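File shown: run_15.cif (mmCIF, C-alpha atoms).
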data_coords
#
loop_
_atom_site.group_PDB
_atom_site.id
_atom_site.type_symbol
_atom_site.label_atom_id
_atom_site.label_comp_id
_atom_site.auth_asym_id
_atom_site.auth_seq_id
_atom_site.Cartn_x
_atom_site.Cartn_y
_atom_site.Cartn_z
ATOM 1 C CA MET A 26 135.227 109.243 59.788
ATOM 2 C CA GLN A 27 132.479 111.606 60.761
ATOM 3 C CA SER A 28 129.889 108.878 60.178
ATOM 4 C CA THR A 29 131.836 106.461 62.398
ATOM 5 C CA GLY A 30 131.949 109.052 65.188
ATOM 6 C CA PHE A 31 128.200 109.575 64.998
ATOM 7 C CA ARG A 32 127.563 105.841 65.215
ATOM 8 C CA SER A 33 129.702 105.616 68.335
ATOM 9 C CA TRP A 34 127.611 108.326 70.015
ATOM 10 C CA LEU A 35 124.262 106.949 68.864
ATOM 11 C CA PRO A 36 123.762 104.461 71.770
ATOM 12 C CA ILE A 37 124.471 107.251 74.274
ATOM 13 C CA VAL A 38 121.992 109.613 72.597
ATOM 14 C CA LEU A 39 119.307 106.936 72.490
ATOM 15 C CA GLY A 40 119.964 106.073 76.138
ATOM 16 C CA LEU A 41 119.570 109.698 77.199
ATOM 17 C CA ALA A 42 116.374 109.993 75.172
ATOM 18 C CA ALA A 43 114.980 106.916 76.921
ATOM 19 C CA VAL A 44 115.826 108.327 80.373
ATOM 20 C CA VAL A 45 114.190 111.649 79.513
ATOM 21 C CA GLY A 46 111.094 109.852 78.201
ATOM 22 C CA VAL A 47 110.707 107.669 81.289
ATOM 23 C CA THR A 48 111.273 110.635 83.616
ATOM 24 C CA TYR A 49 108.655 112.672 81.784
ATOM 25 C CA ALA A 50 106.140 109.824 81.873
ATOM 26 C CA GLN A 51 106.664 109.328 85.608
ATOM 27 C CA GLY A 52 106.288 113.060 86.123
ATOM 28 C CA LYS A 53 102.967 113.028 84.295
ATOM 29 C CA TYR A 54 101.732 110.034 86.292
ATOM 30 C CA THR A 55 102.687 111.626 89.621
ATOM 31 C CA ASN A 56 101.834 115.266 88.772
ATOM 32 C CA ARG A 57 105.476 116.180 89.374
ATOM 33 C CA TRP A 58 105.250 118.900 86.726
ATOM 34 C CA SER A 59 101.900 120.326 87.833
ATOM 35 C CA GLY A 60 103.233 122.643 90.528
ATOM 36 C CA THR A 61 101.027 121.020 93.185
ATOM 37 C CA ASN A 62 102.171 119.449 96.433
ATOM 38 C CA VAL A 63 100.973 115.944 95.621
ATOM 39 C CA ALA A 64 101.967 114.409 98.958
ATOM 40 C CA ALA A 65 100.139 117.116 100.903
ATOM 41 C CA GLU A 66 96.974 116.835 98.794
ATOM 42 C CA LEU A 67 97.013 113.054 99.039
ATOM 43 C CA SER A 68 97.380 113.194 102.824
ATOM 44 C CA ARG A 69 94.614 115.766 103.113
ATOM 45 C CA ASP A 70 92.194 113.763 100.946
ATOM 46 C CA ALA A 71 92.943 110.633 102.968
ATOM 47 C CA GLU A 72 92.086 112.523 106.166
ATOM 48 C CA LEU A 73 88.867 113.802 104.622
ATOM 49 C CA LEU A 74 87.897 110.237 103.749
ATOM 50 C CA GLU A 75 88.580 108.867 107.221
ATOM 51 C CA THR A 76 86.916 111.722 109.126
ATOM 52 C CA ARG A 77 83.919 112.577 106.945
ATOM 53 C CA PHE A 78 82.771 109.323 105.420
ATOM 54 C CA PRO A 79 79.089 109.050 106.457
ATOM 55 C CA GLU A 80 77.952 106.497 108.989
ATOM 56 C CA SER A 81 74.413 106.756 107.638
ATOM 57 C CA PHE A 82 72.845 108.041 104.421
ATOM 58 C CA GLY A 83 69.395 107.542 102.962
ATOM 59 C CA VAL A 84 68.054 104.213 104.218
ATOM 60 C CA TRP A 85 71.543 102.854 104.893
ATOM 61 C CA ARG A 86 73.368 102.809 108.230
ATOM 62 C CA MET A 87 76.666 101.398 109.392
ATOM 63 C CA VAL A 88 76.408 98.143 111.330
ATOM 64 C CA SER A 89 80.107 97.331 111.654
ATOM 65 C CA GLU A 90 83.527 98.795 111.065
ATOM 66 C CA ASP A 91 85.839 96.058 109.854
ATOM 67 C CA GLU A 92 89.573 95.474 110.003
ATOM 68 C CA ALA A 93 91.218 95.715 106.602
ATOM 69 C CA ASP A 94 93.921 93.250 105.618
ATOM 70 C CA PRO A 95 97.290 95.076 105.883
ATOM 71 C CA ALA A 96 98.543 93.220 102.817
ATOM 72 C CA GLN A 97 95.490 94.394 100.862
ATOM 73 C CA LEU A 98 96.033 97.984 101.976
ATOM 74 C CA LYS A 99 99.678 97.820 100.951
ATOM 75 C CA ALA A 100 98.799 96.363 97.560
ATOM 76 C CA ALA A 101 96.232 99.142 97.048
ATOM 77 C CA GLY A 102 98.723 101.844 98.041
ATOM 78 C CA ALA A 103 96.102 103.124 100.505
ATOM 79 C CA VAL A 104 97.046 106.372 102.245
ATOM 80 C CA GLY A 105 93.569 106.448 103.792
ATOM 81 C CA HIS A 106 90.815 103.850 103.818
ATOM 82 C CA ILE A 107 87.351 102.873 105.064
ATOM 83 C CA SER A 108 86.169 99.288 105.567
ATOM 84 C CA ARG A 109 82.589 98.928 106.806
ATOM 85 C CA ARG A 110 79.321 97.086 106.452
ATOM 86 C CA TYR A 111 75.994 98.861 105.955
ATOM 87 C CA ALA A 112 72.420 97.634 106.301
ATOM 88 C CA ASN A 113 69.273 98.853 104.581
ATOM 89 C CA ASP A 114 66.741 99.867 107.250
ATOM 90 C CA ASP A 115 63.813 98.998 104.989
ATOM 91 C CA THR A 116 64.867 95.637 103.565
ATOM 92 C CA GLY A 117 67.664 94.362 105.831
ATOM 93 C CA ALA A 118 69.981 93.981 102.810
ATOM 94 C CA THR A 119 73.659 94.419 103.640
ATOM 95 C CA VAL A 120 76.567 95.760 101.605
ATOM 96 C CA GLY A 121 80.259 95.788 102.459
ATOM 97 C CA VAL A 122 82.144 98.883 101.397
ATOM 98 C CA PHE A 123 85.903 99.238 101.041
ATOM 99 C CA ILE A 124 87.262 102.623 99.988
ATOM 100 C CA VAL A 125 90.825 103.790 99.500
ATOM 101 C CA CYS A 126 92.469 107.112 98.847
ATOM 102 C CA ALA A 127 95.641 106.561 96.834
ATOM 103 C CA THR A 128 97.684 107.853 93.926
ATOM 104 C CA PRO A 129 96.220 107.144 90.473
ATOM 105 C CA HIS A 130 99.065 104.703 89.824
ATOM 106 C CA ASP A 131 98.340 102.649 92.949
ATOM 107 C CA ALA A 132 94.552 102.889 92.794
ATOM 108 C CA SER A 133 94.422 101.669 89.202
ATOM 109 C CA GLY A 134 96.627 98.648 89.779
ATOM 110 C CA HIS A 135 94.607 96.885 92.498
ATOM 111 C CA THR A 136 91.326 95.602 91.066
ATOM 112 C CA PRO A 137 89.051 92.670 92.051
ATOM 113 C CA ASP A 138 89.989 90.576 89.027
ATOM 114 C CA ARG A 139 93.554 90.560 90.385
ATOM 115 C CA CYS A 140 93.059 90.231 94.136
ATOM 116 C CA TYR A 141 90.022 87.939 94.514
ATOM 117 C CA PRO A 142 91.429 85.000 92.504
ATOM 118 C CA SER A 143 94.425 85.032 94.852
ATOM 119 C CA ALA A 144 91.932 84.571 97.731
ATOM 120 C CA GLY A 145 90.481 81.423 96.190
ATOM 121 C CA PHE A 146 87.680 82.962 94.114
ATOM 122 C CA GLU A 147 87.041 82.326 90.450
ATOM 123 C CA ILE A 148 85.701 84.983 88.122
ATOM 124 C CA GLY A 149 82.030 84.298 87.427
ATOM 125 C CA GLU A 150 80.503 87.128 85.463
ATOM 126 C CA GLN A 151 83.231 89.087 83.686
ATOM 127 C CA GLU A 152 83.597 92.726 84.667
ATOM 128 C CA HIS A 153 81.544 95.139 82.625
ATOM 129 C CA ARG A 154 80.715 98.831 82.804
ATOM 130 C CA GLU A 155 77.369 99.901 84.280
ATOM 131 C CA VAL A 156 75.717 103.309 84.530
ATOM 132 C CA ILE A 157 74.338 104.251 87.957
ATOM 133 C CA PRO A 158 71.559 106.898 87.867
ATOM 134 C CA LEU A 159 71.929 109.459 90.670
ATOM 135 C CA PRO A 160 69.084 111.322 92.408
ATOM 136 C CA ASN A 161 70.098 114.697 90.915
ATOM 137 C CA GLY A 162 69.694 113.406 87.365
ATOM 138 C CA THR A 163 73.397 112.843 86.688
ATOM 139 C CA LYS A 164 75.044 109.449 86.283
ATOM 140 C CA ALA A 165 78.045 107.570 87.624
ATOM 141 C CA GLU A 166 79.982 104.790 85.926
ATOM 142 C CA ALA A 167 81.016 101.627 87.731
ATOM 143 C CA PHE A 168 82.480 98.252 86.909
ATOM 144 C CA SER A 169 80.507 95.212 88.036
ATOM 145 C CA GLY A 170 81.396 91.529 88.158
ATOM 146 C CA THR A 171 80.990 88.361 90.226
ATOM 147 C CA PHE A 172 83.484 86.180 92.055
ATOM 148 C CA LYS A 173 82.676 82.675 93.235
ATOM 149 C CA LYS A 174 84.043 79.782 95.243
ATOM 150 C CA PRO A 175 82.279 76.754 96.791
ATOM 151 C CA GLY A 176 79.546 78.047 99.087
ATOM 152 C CA ALA A 177 80.090 81.740 98.311
ATOM 153 C CA ALA A 178 79.241 84.208 95.544
ATOM 154 C CA LEU A 179 80.040 87.925 95.614
ATOM 155 C CA ARG A 180 78.809 90.748 93.405
ATOM 156 C CA ILE A 181 81.323 93.607 93.379
ATOM 157 C CA PHE A 182 80.959 97.113 92.020
ATOM 158 C CA TRP A 183 83.966 99.424 91.822
ATOM 159 C CA THR A 184 84.332 103.005 90.648
ATOM 160 C CA TYR A 185 86.808 105.886 90.801
ATOM 161 C CA ALA A 186 86.233 109.528 91.769
ATOM 162 C CA ALA A 187 88.340 111.785 89.555
ATOM 163 C CA GLY A 188 87.886 115.346 88.365
ATOM 164 C CA GLY A 189 84.417 115.657 89.878
ATOM 165 C CA ARG A 190 83.134 112.512 88.138
ATOM 166 C CA TRP A 191 82.710 108.852 89.049
ATOM 167 C CA ILE A 192 84.169 106.817 86.219
ATOM 168 C CA ALA A 193 84.990 103.278 85.132
ATOM 169 C CA PRO A 194 87.979 104.014 82.875
ATOM 170 C CA GLN A 195 89.106 101.704 80.098
ATOM 171 C CA ILE A 196 92.786 102.356 80.868
ATOM 172 C CA ALA A 197 92.658 103.629 84.445
ATOM 173 C CA ARG A 198 96.343 104.444 84.842
ATOM 174 C CA ILE A 199 96.198 106.860 81.917
ATOM 175 C CA GLU A 200 92.732 108.360 82.430
ATOM 176 C CA LEU A 201 93.343 109.023 86.144
ATOM 177 C CA ALA A 202 96.919 110.243 85.783
ATOM 178 C CA ASN A 203 96.318 113.996 86.062
ATOM 179 C CA ASN A 204 94.799 113.732 89.550
ATOM 180 C CA PRO A 205 97.028 114.064 92.643
ATOM 181 C CA SER A 206 94.821 111.563 94.467
ATOM 182 C CA VAL A 207 91.949 109.225 93.660
ATOM 183 C CA PHE A 208 89.099 107.768 95.715
ATOM 184 C CA LYS A 209 88.084 104.234 94.764
ATOM 185 C CA ILE A 210 84.942 102.562 96.101
ATOM 186 C CA TYR A 211 84.248 98.841 96.253
ATOM 187 C CA ALA A 212 80.618 97.906 97.039
ATOM 188 C CA ILE A 213 80.429 94.197 97.860
ATOM 189 C CA VAL A 214 77.187 92.203 97.990
ATOM 190 C CA ASP A 215 77.069 88.599 99.192
ATOM 191 C CA GLU A 216 74.603 87.107 96.727
ATOM 192 C CA THR A 217 75.124 83.471 97.721
ATOM 193 C CA LEU A 218 71.508 83.139 98.851
ATOM 194 C CA LEU A 219 69.983 85.840 96.664
ATOM 195 C CA SER A 220 67.868 85.346 93.577
ATOM 196 C CA LYS A 221 69.382 86.168 90.196
ATOM 197 C CA GLY A 222 69.789 89.889 89.642
ATOM 198 C CA GLU A 223 69.136 90.809 93.265
ATOM 199 C CA GLY A 224 72.784 91.436 94.152
ATOM 200 C CA SER A 225 73.218 93.730 91.166
ATOM 201 C CA ARG A 226 70.122 95.733 92.110
ATOM 202 C CA ILE A 227 71.196 96.104 95.760
ATOM 203 C CA GLY A 228 74.710 97.221 94.822
ATOM 204 C CA ALA A 229 73.484 99.788 92.311
ATOM 205 C CA GLU A 230 70.939 101.207 94.778
ATOM 206 C CA PHE A 231 73.606 101.453 97.469
ATOM 207 C CA LEU A 232 75.950 103.420 95.213
ATOM 208 C CA SER A 233 73.165 105.681 93.958
ATOM 209 C CA GLU A 234 72.574 106.835 97.541
ATOM 210 C CA LEU A 235 76.188 106.835 98.707
ATOM 211 C CA ILE A 236 77.823 108.761 95.862
ATOM 212 C CA PRO A 237 75.869 112.049 96.264
ATOM 213 C CA GLU A 238 76.567 112.047 100.005
ATOM 214 C CA PHE A 239 80.215 111.203 99.418
ATOM 215 C CA ASP A 240 80.479 114.116 96.996
ATOM 216 C CA ARG A 241 78.777 116.496 99.432
ATOM 217 C CA LEU A 242 80.924 115.571 102.426
ATOM 218 C CA ILE A 243 84.260 114.673 100.834
ATOM 219 C CA THR A 244 84.747 115.310 97.114
ATOM 220 C CA THR A 245 83.703 118.969 97.210
ATOM 221 C CA GLN A 246 85.885 119.548 100.272
ATOM 222 C CA SER A 247 88.811 117.880 98.520
ATOM 223 C CA SER A 248 88.746 120.661 95.912
ATOM 224 C CA THR A 249 88.510 123.431 98.574
ATOM 225 C CA PRO A 250 92.051 124.137 99.839
ATOM 226 C CA ASP A 251 91.035 126.025 103.005
ATOM 227 C CA ALA A 252 88.347 123.637 104.198
ATOM 228 C CA ASP A 253 88.723 122.481 107.796
ATOM 229 C CA VAL A 254 88.963 118.755 108.464
ATOM 230 C CA PRO A 255 87.249 117.957 111.772
ATOM 231 C CA ALA A 256 88.069 115.077 114.053
ATOM 232 C CA ARG A 257 85.948 112.003 113.473
ATOM 233 C CA VAL A 258 82.752 111.834 115.501
ATOM 234 C CA SER A 259 82.058 108.265 116.540
ATOM 235 C CA VAL A 260 78.519 106.923 116.337
ATOM 236 C CA VAL A 261 77.582 103.734 118.084
ATOM 237 C CA PRO A 262 75.975 101.505 115.437
ATOM 238 C CA GLY A 263 72.622 99.925 115.995
ATOM 239 C CA PRO A 264 71.984 96.176 115.992
ATOM 240 C CA THR A 265 73.322 94.271 113.016
ATOM 241 C CA ALA A 266 70.625 93.424 110.503
ATOM 242 C CA SER A 267 70.050 89.753 109.976
#
Mind converting the file's structure to structure tokens?
Amino acid sequence: MQSTGFRSWLPIVLGLAAVVGVTYAQGKYTNRWSGTNVAAELSRDAELLETRFPESFGVWRMVSEDEADPAQLKAAGAVGHISRRYANDDTGATVGVFIVCATPHDASGHTPDRCYPSAGFEIGEQEHREVIPLPNGTKAEAFSGTFKKPGAALRIFWTYAAGGRWIAPQIARIELANNPSVFKIYAIVDETLLSKGEGSRIGAEFLSELIPEFDRLITTQSSTPDADVPARVSVVPGPTAS
């Protein structure tokens, strides 16, 4: 009799355990249990991105500020974003950069291998992890891969800023989970007319100069609660490089 009663309660107990497990997992993913105001930190980091992202750094300068696709922003869960094109003053090489500030859950779910095929591209070179040497002797990780369609070939690097590091995580949703917000950079090189290996070199050089400046202006401020966030100062870009 007692055994029969236990069996009748077993589905309810298992159901409650499942609810508790899912709730805990969601809490871990969203920092619900960390005691931080996730929404406030996310909003603040998004504002830092949009007001402090550099319009020039090293030999690179902004030549255009582009409109981002609203559907792409929604898919990326972007609370803040930057979409621009930069030119190298020495070589004339150009790189498109798309950056979002989002929750770890949203940032990890929107990657080039998912969005570019839906835009008519095929995966050329499979994504792989690369190490980007930085001027201060440290290193950043980034994914790199190519996407092609008739008449066009793109080399794309992407990397995540989390916990003071730039990483290319194996399982992004898990490895990024303890951060209230994440910055994700896409560096996009049109290598349709470039010689083999040139697009990879340009993208890596771009990131090696951008990341230290990004850290100086944005990442370090993100971890300083009382830092002021100034209004954006507009700079009129120079002529677009050919």
Handout entry: Pick from A:Pro142, A:Gly121, A:Gly224, A:Gly102 nearest to A:Lys174, counting all atoms listed in the file
Key =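 Between A:Pro142, A:Gly121, A:Gly224, A:Gly102, the residue approaching A:Lys174 most closely is A:Pro142.
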Practice task
Report as a PyMOL selection string the full result of the PyMOL selection byres ((chain A and resi 115) around 12) when it is applied to this structure.
Solution key: chain A and resi 83-86+112-114+116-119+266
Exercise for the section: Would you please work out which residue, of A:Thr128, A:Ile213, A:Phe168, A:Pro137, is nearest to A:Arg109 when using only C-alpha atoms? Expected result: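 Result for the nearest residue to A:Arg109: A:Ile213.
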Practice task
Point out the residue among A:Pro95, A:Pro79, A:Gly134, A:Pro129 with the least atom-to-atom distance to A:Asn203, counting all atoms listed in the file.
Solution key: A:Pro129
Exercise for the section: Determine the nearest neighbour of A:Leu201 from the options A:His130, A:Leu74, A:Tyr141, A:Thr136, counting all atoms listed in the file. Expected result: A:His130
Handout entry: Option closest in space to A:Gly170, from A:Asp240, A:Asp91, A:Glu152, A:Glu230 [counting only C-alpha atoms]
Key = A:Glu152
Exercise for the section: Specify as a ChimeraX atom specification each residue included when the PyMOL selection byres ((chain A and resi 209) around 6) is applied to this file. Expected result: /A:124-125,184-185,208,210
